[in-house]
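Encoded as structure tokens, the structure appears first; notes follow it.
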Protein chains: 2
Amino acid sequence: MDFTSLLDFSKAGGLVTAIAQDATSDEILMVANMNEEAFRRTLETGEVVYWSRSRSKLWHKGEESGNVQKVKGLYIDCDGDVVLIKVEQIGGAACHTGRRSCFFRRLDGESVQDVGVQVFDPDEVYKK
Amino acid sequence: MDFTSLLDFSKAGGLVTAIAQDATSDEILMVANMNEEAFRRTLETGEVVYWSRSRSKLWHKGEESGNVQKVKGLYIDCDGDVVLIKVEQIGGAACHTGRRSCFFRRLDGESVQDVGVQVFDPDEVYKK
């Protein structure tokens with residue numbers, strides 16, 4: 001069947017929200033967007049492809065760093081505007097800061113704690 | 001400190017994405033939106049308050065069903081447009097269908113499997 005019919009791309013200008021969750025640890029790694037083409041390519045290739053709003057183009061996650069996300073499971077929420085992807089994160093880090101997860105800032109009472117696990121040096125990986 | 005300064009409400013018309021994850025099982029329960037007021041109320045009350053786009057009003061989750069979400073942890077992603085909330089889901093179900101999680105549709109090869117755990121009967125709870 002055509003799984004794109006399960007998604008409602010009309011709510012947010014042609015995009016749905018996409019969540020990458022580590023298939024083993026269940027840690028949430030990152031959140032980004034997909035348009036229909038990104039969703040199709042993710043299904044076809046078995047690697048996660050997002051739509052980059054800032055660059056207005058398809059974004060095959062890991063295309064620069066090699067840290068691709070292998071699809072291990074795909075779920076759609078009740079109203080069809082969010083895709084949950086269980087992934088194997090190659091390289092062990094999803095965040096552009098080199099941390100395992102983008103959710104490394106924990107609000108802790110009156111302060112913010114950096115609870116991130118640093119996996120790589122972004123200056124090294126992205127050759128900036 | 002004022003945690004709202006960590007969030008970028010400008011990207012999506014005054015809203016950020018909010019993910020509720022079960023604090024114990026790490027299952028993703030639901031995804032919705034927050035405006036600044038919803039985020040503030042969540043911090044102040046310790047129970048999750050979203051912004052309902054369809055009803056254009058603050059949505060104290062569980063106000064009808066009693067199934068509120070108690071805040072157990074709050075995280076913000078690297079670019080400040082997503083809030084991750086670890087919650088205790090009172091009543092055991094987050095989805096309006098009565099299932100534990102909104103992500104009950106698994107794309108499985110060529111078909112869709114309902115892998116949801118039914119916790120309550122929505123007709124009973126919402127008295128529709």
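Ordering of the structure tokens sets the chain letters (A, B, ...); residue numbers start at 1 within each chain; ligands are numbered from 1 in the order shown.
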
Per-residue nearest contacts of region 32-57 of chain B to region 105-127 of chain A (12 Å; only C-alpha atoms) as a Markdown table:
```
| residue | atom | partner | partner_atom | distance |
| --- | --- | --- | --- | --- |
| B:Leu43 | CA | A:Gly109 | CA | 9.4 |
| B:Glu44 | CA | A:Gly109 | CA | 10.9 |
| B:Gly46 | CA | A:Gly109 | CA | 11.4 |
```

Those selected residues, please, written with C-alpha atoms and delivered as a short mmCIF file (atom, residue, chain, number, x, y, z; two decimals), in the first residue's frame.
```cif
data_model
loop_
_atom_site.label_atom_id
_atom_site.label_comp_id
_atom_site.auth_asym_id
_atom_site.auth_seq_id
_atom_site.Cartn_x
_atom_site.Cartn_y
_atom_site.Cartn_z
CA LEU B 43 6.67 24.55 34.46
CA GLU B 44 4.51 26.20 37.12
CA GLY B 46 4.07 20.32 37.10
#
```

Quick one: contact table of chain A to chain B, 10 Å max, nearest atom pair and distance in Å to one decimal per residue, counting only C-alpha atoms, chain and number order, as a tab-separated table?
```
residue	atom	partner	partner_atom	distance
A:Met1	CA	B:Glu110	CA	5.7
A:Asp2	CA	B:Glu110	CA	8.3
A:Phe3	CA	B:Leu107	CA	7.7
A:Leu6	CA	B:Val112	CA	9.6
A:Lys11	CA	B:Arg53	CA	9.9
A:Ala12	CA	B:Ala12	CA	8.9
A:Thr17	CA	B:Thr17	CA	8.6
A:Ile19	CA	B:Ile19	CA	9.3
A:Gln21	CA	B:Ile28	CA	8.9
A:Ser25	CA	B:Asp26	CA	8.7
A:Asp26	CA	B:Asp26	CA	6.0
A:Glu27	CA	B:Asp26	CA	7.3
A:Ile28	CA	B:Leu84	CA	8.7
A:Leu29	CA	B:Asp77	CA	9.4
A:Met30	CA	B:Asp77	CA	7.7
A:Val31	CA	B:Val82	CA	7.4
A:Ala32	CA	B:Val82	CA	9.3
A:Leu43	CA	B:Gly109	CA	9.4
A:Arg53	CA	B:Lys11	CA	9.9
A:Gly73	CA	B:Arg106	CA	7.4
A:Leu74	CA	B:Leu107	CA	5.5
A:Tyr75	CA	B:Arg106	CA	4.4
A:Ile76	CA	B:Arg105	CA	5.4
A:Asp77	CA	B:Phe103	CA	4.3
A:Cys78	CA	B:Cys102	CA	5.2
A:Asp79	CA	B:Cys102	CA	8.3
A:Gly80	CA	B:Phe103	CA	9.4
A:Asp81	CA	B:Val31	CA	9.1
A:Val82	CA	B:Val31	CA	7.4
A:Val83	CA	B:Phe103	CA	8.3
A:Leu84	CA	B:Phe103	CA	7.4
A:Ile85	CA	B:Arg106	CA	9.9
A:Cys95	CA	B:Cys78	CA	7.7
A:His96	CA	B:Cys78	CA	8.5
A:Thr97	CA	B:Cys78	CA	8.0
A:Arg99	CA	B:Cys78	CA	9.8
A:Ser101	CA	B:Asp77	CA	8.3
A:Cys102	CA	B:Asp77	CA	4.9
A:Phe103	CA	B:Asp77	CA	4.3
A:Phe104	CA	B:Asp77	CA	6.7
A:Arg105	CA	B:Tyr75	CA	5.4
A:Arg106	CA	B:Tyr75	CA	4.4
A:Leu107	CA	B:Leu74	CA	5.5
A:Asp108	CA	B:Leu74	CA	7.8
A:Gly109	CA	B:Met1	CA	9.2
A:Glu110	CA	B:Met1	CA	5.7
A:Ser111	CA	B:Met1	CA	6.6
A:Val112	CA	B:Phe3	CA	8.5
A:Gln113	CA	B:Tyr75	CA	9.4
A:Asp114	CA	B:Tyr75	CA	9.8
A:Val115	CA	B:Tyr75	CA	9.6
```

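CA of Lys72 (chain A) to CA of Glu88 (chain A) spans 6.8 Å [interatomic distance, one decimal].
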
One-decimal distance in Å that lies between CA of Thr4 (chain B) and CA of Ile90 (chain B): 26.2 Å

Filtered DSSP result for chain A, state strand (DSSP E or B), as an MDAnalysis selection string: chainID A and resid 12 15:22 28:34 47 49:52 57:60 69:76 82:89 99 105:108 111:114 118

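When CA of Leu7 (chain B) is paired with CA of Arg40 (chain B), their separation reads 11.4 Å.
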